[in-house]
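Undergrad: Can you keep this structure in mind? I'll have questions shortly.
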Number of protein chains: 4
Amino acid sequence: LTSIYKGTRKLSSSIAEGKEPDGGPGGLFTSLFSTDELISLTSDAAWVQAMLDTESALAASLADADVIPTAAATEIAAYCRADRFDAALLGRQARASGNPVVPLVTALRDEVSQTAAQWVHWGATSQDILDTAAALVSRSATVAIDRSLRELADGCAALAQAHRDTLMTARTLLQPALPTTFGLKAAGWLVAADAARDQLTHARTGLAVQLGGAAGTLASLGADGPAVVALLAHRLDLAEPIMPWHTDRQRLATFAAALAGASGVAAKITYDIALLMQDEVGEVAASNVPGSGGSSALPQKHNPVDAAVAGGAARRVSALVAVLYGAMAHEHERGIGNWQAEWETLTELLRLSGGAVATAADRVSGLHINPDAMARNLTGSGGLILAERVLAELTRRAGRVEAQRLVTEAMAHAAASGSSFDAELRSEVAPTWLSPDEIDVLLDPAGYLGSSGVFIDRALSAHEERED
Amino acid sequence: LTSIYKGTRKLSSSIAEGKEPDGGPGGLFTSLFSTDELISLTSDAAWVQAMLDTESALAASLADADVIPTAAATEIAAYCRADRFDAALLGRQARASGNPVVPLVTALRDEVSQTAAQWVHWGATSQDILDTAAALVSRSATVAIDRSLRELADGCAALAQAHRDTLMTARTLLQPALPTTFGLKAAGWLVAADAARDQLTHARTGLAVQLGGAAGTLASLGADGPAVVALLAHRLDLAEPIMPWHTDRQRLATFAAALAGASGVAAKITYDIALLMQDEVGEVAASNVPGSGGSSALPQKHNPVDAAVAGGAARRVSALVAVLYGAMAHEHERGIGNWQAEWETLTELLRLSGGAVATAADRVSGLHINPDAMARNLTGSGGLILAERVLAELTRRAGRVEAQRLVTEAMAHAAASGSSFDAELRSEVAPTWLSPDEIDVLLDPAGYLGSSGVFIDRALSAHEERED
Amino acid sequence: LTSIYKGTRKLSSSIAEGKEPDGGPGGLFTSLFSTDELISLTSDAAWVQAMLDTESALAASLADADVIPTAAATEIAAYCRADRFDAALLGRQARASGNPVVPLVTALRDEVSQTAAQWVHWGATSQDILDTAAALVSRSATVAIDRSLRELADGCAALAQAHRDTLMTARTLLQPALPTTFGLKAAGWLVAADAARDQLTHARTGLAVQLGGAAGTLASLGADGPAVVALLAHRLDLAEPIMPWHTDRQRLATFAAALAGASGVAAKITYDIALLMQDEVGEVAASNVPGSGGSSALPQKHNPVDAAVAGGAARRVSALVAVLYGAMAHEHERGIGNWQAEWETLTELLRLSGGAVATAADRVSGLHINPDAMARNLTGSGGLILAERVLAELTRRAGRVEAQRLVTEAMAHAAASGSSFDAELRSEVAPTWLSPDEIDVLLDPAGYLGSSGVFIDRALSAHEERED
Amino acid sequence: LTSIYKGTRKLSSSIAEGKEPDGGPGGLFTSLFSTDELISLTSDAAWVQAMLDTESALAASLADADVIPTAAATEIAAYCRADRFDAALLGRQARASGNPVVPLVTALRDEVSQTAAQWVHWGATSQDILDTAAALVSRSATVAIDRSLRELADGCAALAQAHRDTLMTARTLLQPALPTTFGLKAAGWLVAADAARDQLTHARTGLAVQLGGAAGTLASLGADGPAVVALLAHRLDLAEPIMPWHTDRQRLATFAAALAGASGVAAKITYDIALLMQDEVGEVAASNVPGSGGSSALPQKHNPVDAAVAGGAARRVSALVAVLYGAMAHEHERGIGNWQAEWETLTELLRLSGGAVATAADRVSGLHINPDAMARNLTGSGGLILAERVLAELTRRAGRVEAQRLVTEAMAHAAASGSSFDAELRSEVAPTWLSPDEIDVLLDPAGYLGSSGVFIDRALSAHEERED
């Protein structure tokens with residue numbers, strides 16, 4: 001047997017060229033939030049092709065199991081090309097039956113010979129075709145999304161390595177906290193991106209073939225059911241479930257959750273970058289692609305478009321994942337509304353999460369780092385950013401209560417007089433407890449990085465040890 | 001001044017014909033969950049046209065206020081036709097700037113003369129155009145949605161009137177509760193549909209023109225800003241806000257909430273119908289449009305497709321409304337991700353809620369009622385459905401404790417012996433407390449309808465008194 | 001008739017003292033995200049009291065309508081005090097019946113005399129009591145939330161007035177855009193807060209009494225139903241619905257949406273403040289309440305706790321509103337799961353949105369403004385922030401294309417040479433097109449504020465004209 | 001080293017007794033939607049204990065690493081008991097700092113000796129304590145939830161085995177589809193419950209210790225950081241992360257998603273049961289626990305309370321999971337609002353999902369099956385339920401087009417004349433194509449079950465092969 005699905009889905013030629021029934025890759029807003037590739041991989045044409053691939057593989061599996069004639073399967077396969085069908089028309093015809101498989105099967109039967117027609121869709125129900133198509137579309141889109149995640153992770157790894165020792169301010173609740181390195185920040189992004197890949201891989205393995213017939217019993221296949229399911233799973237390179245999963249939607253919901261995780265990582269990274277790009281912070285800059293980030297009114301603008309796109313996508317994705325979890329209680333053997341809510345939601349999830357990750361990967365790969373601004377902001381606090389360290393050292397020497405008093409007083413004096421924490425330490429605290437040299441050491445941010453380097457190394461090692 | 005927007009939006013001819021850049025009205029799944037009209041009214045072409053209408057009306061308003069030459073405004077207006085622009089291309093170009101207005105303005109400037117080009121988009125920023133376009137698209141779609149809601153309400157009113165006295169079982173937590181009438185059930189739907197119209201009207205009045213320039217100050221218009229805003233609002237027949245609303249998204253979120261309300265009503269009605277259509281219940285049936293509700297495998301099927309469609313749409317809508325409320329914290333003078341998350345979400349909200357309501361209206365209008373089945377199910381309980389009434393009467397005669405004991409015993413005996421509550425009452429309870437005639441009266445469902453008739457009349461009166 | 005509900009609900013003495021059955025106002029996390037007042041107004045005790053108030057008012061209304069003896073109503077009223085009941089015990093007992101009204105009614109019947117017991121809950125069903133209680137709890141909490149919204153609006157108005165001319169940088173997508181005033185920013189917050197009040201008032205008027213009996217027919221009240229509903233509505237000072245609303249949940253969902261709007265406004269305002277509090281921006285500071293904003297590790301920290309609290313609350317609120325809209329399809333005459341999902345969700349919505357607004361009001365009222373930092377950041381761009389204005393003026397003199405070229409070049413030179421846009425204008429552009437004085441004028445931010453003042457005045461006028 | 005966490009968390013004695021600071025296990029609504037055990041395991045006291053366990057284990061780990069004196073760690077441990085602290089008071093104090101760790105650390109320092117005080121919380125920040133506590137609370141609650149899932153799965157397995165051959169109607173979109181067995185339906189539930197366990201186990205392994213200090217660098221621990229993290233992870237029996245996960249929230253979000261999956265399974269099962277319990281269907285009944293499912297008005301009611309509870313919980317859970325995915329973009333090194341939104345959301349997720357699963361497990365274990373009603377409903381269609389089979393056989397004999405015509409005609413005649421499909425087949429179709437005996441065989445539902453038995457066996461085998 002030769003699986004027709006290996007790696008990225010092979011699209012029919014018309015789709016590959018982008019001449020899709022729904023008018024080219026992307027639209028007014030769609031293109032902004034996704035990539036051309038993902039728009040194609042989840043287009044109407046791609047869905048139709050995935051449904052046809054399922055019908056075709058089903059016929060072939062039935063023939064392998066001697067349920068239908070091989071000639072019929074061969075003939076059916078020849079007609080299972082999305083460019084032979086009008087997706088928009090199928091959509092309108094779907095209103096009668098509530099799903100597009102019914103008109104698609106009718107159309108396919110009309111195409112093939114009378115003899116083959118009776119074997120089209122043999123043993124299957126609409127949900128078998130749509131659920132398996134959903135798995136196929138998800139799987140092929142996942143290849144693209146995973147590639148973007150890898151690019152994102154690689155980009156973060158490069159930054160983590162290059163800026164292992166680039167000092168900057170760590171900020172919590174948007175306030176300066178302690179010194180850190182840009183490398184550690186990038187390492188945090190890296191670990192998150194790699195974790196998103198792991199979750200996506202975990203979820204992808206759950207994508208299974210669905211074949212149960214009208215009620216999940218495979219009644220019309222008699223005793224051949226299990227064999228046909230196994231053959232179909234093998235042909236389509238999808239997991240073979242213990243039994244049909246038409247009424248258990250965890251496979252899709254878990255997959256959606258993994259996509260939401262990937263989107264969230266993209267949103268986190270691009271928002272961090274947008275915050276660092278603020279004019280008053282200025283620690284990173286977007287690459288100077290001409291025209292990028294431009295405004296319709298303001299000539300000076302270089303907007304962090306990527307954060308707008310990835311953040312906008314992630315906000316939508318987190319709501320869409322709730323649709324899938326909220327629609328799990330399919331009534332009896334097929335849901336009424338619950339099932340139908342999944343289809344476009346899945347398409348959106350794939351497009352938006354893939355778009356968010358690709359956008360983040362682009363941004364990270366072209367990021368300009370400004371170590372001088374990082375250093376300037378770090379020292380701008382007049383030593384305050386190392387107050388924890390000073391307090392700890394004073395605690396060791398003077399006890400916690402006295403140390404607290406000394407540090408609080410130095411901060412208050414600095415604030416009141418307009419001097420700095422550094423200066424106050426030297427003039428007020430130093431004489432008794434700390435020498436000027438000791439203060440120099442305490443206020444040196446490079447000396448207070450704790451495990452930053454170790455964490456970066458660990459993140460890089462874990463990334464490098466990945467097999468892909 | 002002649003407003004270019006009255007009632008339903010006048011679409012440019014190409015849109016009216018359905019030759020939209022994105023490939024005809026609807027797609028594989030889109031058509032299932034929305035109407036052709038709403039798909040067109042919210043299509044890429046409709047959005048482009050709404051943006052162009054805003055640019056055109058802005059130029060005209062600027063000319064009215066003597067800010068730009070009238071000739072320039074006239075020329076700009078002539079080029080503001082969606083069929084002159086490629087929405088898919090604009091979408092891809094939008095990736096550079098983060099929104100499609102920037103390339104649209106560039107393209108429009110390229111079309112008009114050098115002289116007019118400088119006045120294109122004068123005083124405005126991208127968000128002005130997109131937010132105002134969103135209001136225009138929402139407003140025109142609302143006309144269609146409101147029409148469907150009215151059809152839905154009218155259909156429910158007809159059912160309430162016709163079945164004012166059609167007895168049936170009221171069910172709570174999916175269990176028989178008391179007798180009611182199908183008229184009262186329909187009256188409940190009616191009141192809900194009318195209430196949804198009220199909320200939608202309330203929200204629609206909040207749709208306002210947005211014009212603030214690059215930062216909400218209208219700086220480039222000098223002292224002319226407020227006058228231009230007023231003129232623009234008048235031209236576009238949108239509300240004039242106290243000040244630009246670019247950073248306060250309640251208008252859109254409230255509008256989305258109204259759409260979610262409408263969807264929820266549609267889901268409630270169609271799900272009730274689907275439950276009544278269950279084979280074992282059989283109290284209503286869908287109209288016998290040939291092929292409607294058909295299955296890909298089962299010849300006997302008449303699926304309640306409308307509940308699947310409206311319910312599926314409503315599930316998605318309720319999550320989408322959370323996107324808009326969750327994206328209200330636009331950073332400073334323009335959000336980064338928050339704003340961008342709104343666009344496709346709004347389109348989906350309009351399509352899905354309109355589709356859900358239209359589907360429910362269709363279903364209600366063609367509904368077949370089966371009063372015999374209603375009566376059969378009602379009497380099938382052997383009088384149990386009137387246990388509350390019997391208990392109340394016995395309470396009046398024997399006190400609460402004794403009454404409770406009698407009723408509980410009768411129910412238990414009936415369950416144990418396979419007889420009926422009715423029979424047990426007659427044999428065990430009657431001799432002491434109730435005469436056979438009294439039991440007849442107590443167990444007559446038509447005599448235990450309370451305020452049903454009054455409520456139906458009130459609902460119908462309120463519906464008839466509406467001005468539209 | 002004397003309504004027992006006017007303005008803020010009168011809580012029973014035990015609740016007023018905060019000795020609630022569930023252990024005092026607030027808990028480990030609850031207190032952080034809400035106010036003591038709102039926690040009390042939505043506590044278990046408050047819910048029990050609201051259910052008892054409904055039972056009590058129902059008995060009184062039934063007595064007014066001569067359905068039950070006045071003595072029974074009087075006796076029932078005397079026992080309707082939350083401190084007589086154990087909410088936690090009711091909660092555990094509720095597991096049998098699926099709602100806490102069943103055990104509450106049983107407990108109340110056990111308290112009163114045999115004679116009165118039979119009239120407890122007469123004509124009502126559990127949902128009548130819970131839905132009406134939900135309206136009462138919502139209404140009383142709304143008084144508190146509306147008060148906080150008014151404080152928030154007043155605080156914003158004070159800032160708008162005081163800083164009508166305080167120049168600062170407007171920022172879009174987190175990048176400097178144009179000059180604005182802090183007064184205009186505060187006016188935007190003001191208009192949003194006032195709009196949230198309007199939506200909340202609109203939604204509050206929809207809170208209605210629910211009385212339909214077991215199935216919405218009020219069967220057990222015979223012909224007295226409508227009169228009793230009217231009396232009950234009057235007693236509880238709630239709206240009287242056309243018919244029972246047990247199966248139409250728009251009233252609650254719309255109310256929830258208004259709360260989400262209020263939360264969103266609070267999140268917007270506090271997040272803006274947190275961004276302005278960033279060390280590198282430094283344009284505002286929190287009030288120096290000792291200990292406020294402190295960290296467990298860092299002595300120098302002054303965290304914008306309010307943004308953390310209001311933002312955290314708003315994120316949760318936007319998801320909770322989706323629960324209510326998503327649960328509208330109550331099955332038949334009482335939902336199974338849909339209805340039950342509302343109760344704690346409503347409590348959370350009230351607590352969180354009220355907490356978010358109160359937090360924002362506190363923050364706004366104690367805000368320290370730093371006009372010097374605003375001015376410093378504004379001029380820090382070397383004139384770039386006025387590039388739009390320069391471009392417009394040059395467009396008038398040299399045409400759009402040449403103007404664009406000149407400005408782009410000046411920006412590029414400034415970036416390349418490390419000089420400023422201002423300097424480049426003077427050295428390269430000025431000789432031909434602009435005099436030094438003209439450049440001074442063009443680069444003066446105070447001269448490029450457009451309609452800022454007008455918008456502020458309008459916002460303040462609209463605020464002052466409000467009747468409350 | 002002896003881990004203080006093995007299996008279910010050992011709660012301090014006061015918690016075990018249920019004398020929690022917040023007023024006993026559960027409240028008015030809380031008890032309805034969760035179990036006493038889960039309410040306790042996620043109570044304020046449990047959170048405080050988890051935070052104290054973290055502080056205690058941190059001190060011990062620091063002592064192990066020779067960072068602080070062992071005596072200090074021992075003393076700290078002695079005071080780390082939740083019953084020494086007032087959770088409600090901590091909650092109110094938390095308003096100043098934005099989280100309850102700050103006041104808890106202050107209180108703990110006040111309790112211990114001056115010497116030990118300085119080592120309390122050494123090296124840690126608030127988020128370290130709260131995130132690790134979240135992992136501990138989640139882990140201990142997971143033990144209980146997993147136990148309920150196992151009970152649910154075991155109950156389903158018992159039903160699948162016992163009813164392997166109990167014929168019933170399969171229903172799709174709430175309409176009769178084909179014969180199936182109750183065993184297959186139960187097997188579908190079983191596979192879903194086992195899959196939920198797998199996802200929960202997968203997610204639980206991701207629960208990790210968080211220790212990064214104020215900014216994720218562990219600066220104050222110098223070179224000892226990684227060793228202390230490893231020791232802490234070992235002591236608390238939590239995963240050791242590559243680096244601190246304070247800014248990557250996938251661990252929590254993935255865990256939440258698994259809980260949503262479990263809730264969805266519980267909702268699916270209980271809703272199926274509620275549908276089967278409908279009076280007109282009557283195929284299953286709840287166990288007759290006296291008082292269970294009672295109504296406040298209707299004596300005859302046996303409401304499917306479990307579906308109301310589990311369904312209500314699942315609706316809320318699916319929205320709560322969106323909160324966590326939507327809050328992933330923590331700003332820089334600590335989120336502002338994003339982080340804070342997690343705490344109560346997690347508590348709710350644990351309580352609600354655990355409650356839903358426990359409710360479903362209870363219901364399944366006490367379910368009464370009514371095979372007679374199943375058979376009656378199955379044969380009630382007059383053979384229509386086997387139309388697919390008849391069509392397939394006729395297709396084999398007469399070709400697809402003729403077969404379609406014959407079946408359609410028989411269905412139409414049956415509907416028009418009030419006869420049955422069975423009778424029409426015998427009178428109209430049989431003479432030519434099928435013998436009476438063949439019709440008997442075709443219309444025997446027991447002969448058209450396809451792979452039902454195989455699927456049941458597979459599901460049971462997979463369940464039995466599980467190690468736990």
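By order of appearance in the structure tokens: chains A, B, ..., then residues from 1 within every chain, and ligands from 1 in the order shown.
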Pick out the chain A residues within 10 Å of chain C. Count only C-alpha atoms. Give them as a PyMOL selection string.
TA: chain A and resi 171-178+274-282+293+295+297-305+307-308+319+322-323+326+377+380-381+384-392+404+407-408+411-412+421
Undergrad: For Glu342 in chain D, list every protein, DNA or RNA residue within 8 Å, evaluated using only C-alpha atoms, and leave out those in the same chain fewer than 3 positions away; present the list as an MDAnalysis selection string.
TA: chainID D and resid 323:324 327 338:339 345:346
Undergrad: Using only C-alpha atoms, determine which residues lie at most 7 Å from Ala141 in chain B, disregarding the query and same-chain residues fewer than 2 positions distant; provide the list as an NGL selection string.
TA: :B and (38 or 41 or 137-139 or 143-145 or 350)
Undergrad: Find the spatial neighbours of Leu90 in chain D, counting only C-alpha atoms, within a cut-off of 12 Å - ignore same-chain residues fewer than 2 positions away - and output them as an mmCIF file with N, CA and C atoms, in the first residue's frame.
TA:
data_model
loop_
_atom_site.group_PDB
_atom_site.id
_atom_site.type_symbol
_atom_site.label_atom_id
_atom_site.label_comp_id
_atom_site.auth_asym_id
_atom_site.auth_seq_id
_atom_site.Cartn_x
_atom_site.Cartn_y
_atom_site.Cartn_z
ATOM 1 N N PRO C 25 -16.573 38.545 54.999
ATOM 2 C CA PRO C 25 -16.544 39.078 53.644
ATOM 3 C C PRO C 25 -15.229 38.721 52.980
ATOM 4 N N GLY C 26 -15.321 37.894 51.987
ATOM 5 C CA GLY C 26 -14.153 37.640 51.176
ATOM 6 C C GLY C 26 -13.316 36.474 51.642
ATOM 7 N N GLY C 27 -12.419 36.068 50.774
ATOM 8 C CA GLY C 27 -11.522 34.978 51.086
ATOM 9 C C GLY C 27 -10.153 35.309 50.533
ATOM 10 N N LEU C 28 -9.357 34.271 50.361
ATOM 11 C CA LEU C 28 -7.958 34.453 50.009
ATOM 12 C C LEU C 28 -7.784 35.230 48.708
ATOM 13 N N PHE C 29 -8.593 34.890 47.702
ATOM 14 C CA PHE C 29 -8.479 35.585 46.417
ATOM 15 C C PHE C 29 -9.665 36.522 46.184
ATOM 16 N N THR C 30 -10.819 36.150 46.717
ATOM 17 C CA THR C 30 -12.031 36.917 46.470
ATOM 18 C C THR C 30 -11.849 38.393 46.815
ATOM 19 N N SER C 31 -11.247 38.643 47.951
ATOM 20 C CA SER C 31 -11.103 40.030 48.407
ATOM 21 C C SER C 31 -10.242 40.858 47.465
ATOM 22 N N LEU C 32 -9.311 40.183 46.815
ATOM 23 C CA LEU C 32 -8.408 40.920 45.934
ATOM 24 C C LEU C 32 -9.160 41.462 44.729
ATOM 25 N N PRO D 21 -11.422 27.837 57.329
ATOM 26 C CA PRO D 21 -11.644 29.253 57.639
ATOM 27 C C PRO D 21 -12.821 29.832 56.863
ATOM 28 N N ASP D 44 -9.662 27.850 50.388
ATOM 29 C CA ASP D 44 -8.684 28.847 50.809
ATOM 30 C C ASP D 44 -7.624 28.204 51.701
ATOM 31 N N ALA D 45 -8.086 27.356 52.621
ATOM 32 C CA ALA D 45 -7.139 26.706 53.536
ATOM 33 C C ALA D 45 -6.159 25.829 52.762
ATOM 34 N N TRP D 47 -5.189 26.225 49.660
ATOM 35 C CA TRP D 47 -4.248 27.108 48.965
ATOM 36 C C TRP D 47 -3.195 27.653 49.940
ATOM 37 N N VAL D 48 -3.663 28.090 51.101
ATOM 38 C CA VAL D 48 -2.705 28.610 52.089
ATOM 39 C C VAL D 48 -1.724 27.511 52.481
ATOM 40 N N ALA D 82 -1.615 25.836 57.854
ATOM 41 C CA ALA D 82 -2.649 26.775 57.421
ATOM 42 C C ALA D 82 -3.530 27.239 58.569
ATOM 43 N N ARG D 84 -2.813 28.244 61.312
ATOM 44 C CA ARG D 84 -2.232 29.372 62.036
ATOM 45 C C ARG D 84 -2.538 30.700 61.361
ATOM 46 N N PHE D 85 -3.109 30.661 60.188
ATOM 47 C CA PHE D 85 -3.302 31.896 59.416
ATOM 48 C C PHE D 85 -4.773 32.086 59.055
ATOM 49 N N ASP D 86 -5.163 33.329 58.914
ATOM 50 C CA ASP D 86 -6.552 33.674 58.597
ATOM 51 C C ASP D 86 -6.632 34.030 57.109
ATOM 52 N N ALA D 87 -7.156 33.105 56.341
ATOM 53 C CA ALA D 87 -7.146 33.278 54.883
ATOM 54 C C ALA D 87 -7.924 34.520 54.460
ATOM 55 N N ALA D 88 -9.048 34.784 55.121
ATOM 56 C CA ALA D 88 -9.851 35.946 54.746
ATOM 57 C C ALA D 88 -9.080 37.240 55.007
ATOM 58 N N ARG D 92 -7.739 40.174 52.344
ATOM 59 C CA ARG D 92 -7.931 41.632 52.384
ATOM 60 C C ARG D 92 -6.591 42.366 52.366
ATOM 61 N N GLN D 93 -5.608 41.773 53.062
ATOM 62 C CA GLN D 93 -4.276 42.400 53.046
ATOM 63 C C GLN D 93 -3.637 42.331 51.661
ATOM 64 N N ALA D 94 -4.049 41.345 50.883
ATOM 65 C CA ALA D 94 -3.459 41.159 49.553
ATOM 66 C C ALA D 94 -3.751 42.323 48.628
ATOM 67 N N ARG D 95 -4.777 43.105 48.966
ATOM 68 C CA ARG D 95 -5.117 44.231 48.087
ATOM 69 C C ARG D 95 -3.960 45.216 47.917
ATOM 70 N N ALA D 96 -3.134 45.331 48.940
ATOM 71 C CA ALA D 96 -2.040 46.300 48.842
ATOM 72 C C ALA D 96 -0.991 45.866 47.830
ATOM 73 N N SER D 97 -0.696 44.587 47.812
ATOM 74 C CA SER D 97 0.409 44.120 46.976
ATOM 75 C C SER D 97 -0.053 43.402 45.722
ATOM 76 N N GLY D 98 -1.317 43.036 45.680
ATOM 77 C CA GLY D 98 -1.820 42.382 44.487
ATOM 78 C C GLY D 98 -1.742 40.877 44.519
ATOM 79 N N ASN D 99 -1.233 40.314 45.593
ATOM 80 C CA ASN D 99 -1.285 38.867 45.734
ATOM 81 C C ASN D 99 -1.160 38.510 47.206
ATOM 82 N N PRO D 100 -1.661 37.334 47.589
ATOM 83 C CA PRO D 100 -1.702 36.995 49.018
ATOM 84 C C PRO D 100 -0.380 36.503 49.585
ATOM 85 N N VAL D 101 0.635 36.329 48.740
ATOM 86 C CA VAL D 101 1.904 35.815 49.259
ATOM 87 C C VAL D 101 2.604 36.874 50.113
ATOM 88 N N VAL D 102 2.508 38.113 49.680
ATOM 89 C CA VAL D 102 3.194 39.171 50.438
ATOM 90 C C VAL D 102 2.719 39.196 51.891
ATOM 91 N N PRO D 103 1.411 39.289 52.161
ATOM 92 C CA PRO D 103 1.005 39.271 53.573
ATOM 93 C C PRO D 103 1.273 37.930 54.264
ATOM 94 N N LEU D 104 1.228 36.831 53.515
ATOM 95 C CA LEU D 104 1.499 35.539 54.136
ATOM 96 C C LEU D 104 2.954 35.468 54.608
ATOM 97 N N VAL D 105 3.850 35.945 53.767
ATOM 98 C CA VAL D 105 5.263 35.931 54.145
ATOM 99 C C VAL D 105 5.493 36.838 55.350
ATOM 100 N N THR D 106 4.846 37.994 55.329
ATOM 101 C CA THR D 106 4.959 38.903 56.472
ATOM 102 C C THR D 106 4.469 38.221 57.749
ATOM 103 N N ALA D 107 3.324 37.568 57.633
ATOM 104 C CA ALA D 107 2.750 36.907 58.812
ATOM 105 C C ALA D 107 3.635 35.769 59.289
ATOM 106 N N LEU D 108 4.183 35.032 58.340
ATOM 107 C CA LEU D 108 5.046 33.909 58.717
ATOM 108 C C LEU D 108 6.316 34.417 59.396
#
Undergrad: Would you mind listing what lies within 10 Å of range 51-55 of chain B as a PyMOL selection string, with only C-alpha atoms counted and same-chain residues fewer than 6 positions away left out?
TA: chain B and resi 4-5+45+61+73+76-77+79-82+100-101+104-105+108+120-122+124+126+128-134+136-137+209-210+232+235-236
Undergrad: Interatomic distance between CA of Met374 in chain B and CA of Leu378 in chain D?
TA: 20.9 Å
Undergrad: Which residues, written as a ChimeraX atom specification, have at least one atom at most 8 Å from range 367-369 of chain D, with only C-alpha atoms counted and residues fewer than 4 positions away on the same chain left out?
TA: /D:283-287,363
Undergrad: Rounded to one decimal place, report the CA of Asn370 in chain B-CA of Gly188 in chain B distance in Å.
TA: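 One can read the CA of Asn370 in chain B to CA of Gly188 in chain B distance as 19.0 Å.
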Undergrad: List as a list in words the protein and nucleic acid residues near Ile269 in chain B, meaning an atom at most 9 Å away when only C-alpha atoms are counted, but skip any in the same chain fewer than 4 places from it.
TA: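 Counting only the stated atoms, we get Ala186, Trp189, Gly264, Val265, Ile273, Ala274, Ala307, Ala360 and Val364 of chain B; Ala329 and His332 of chain C.
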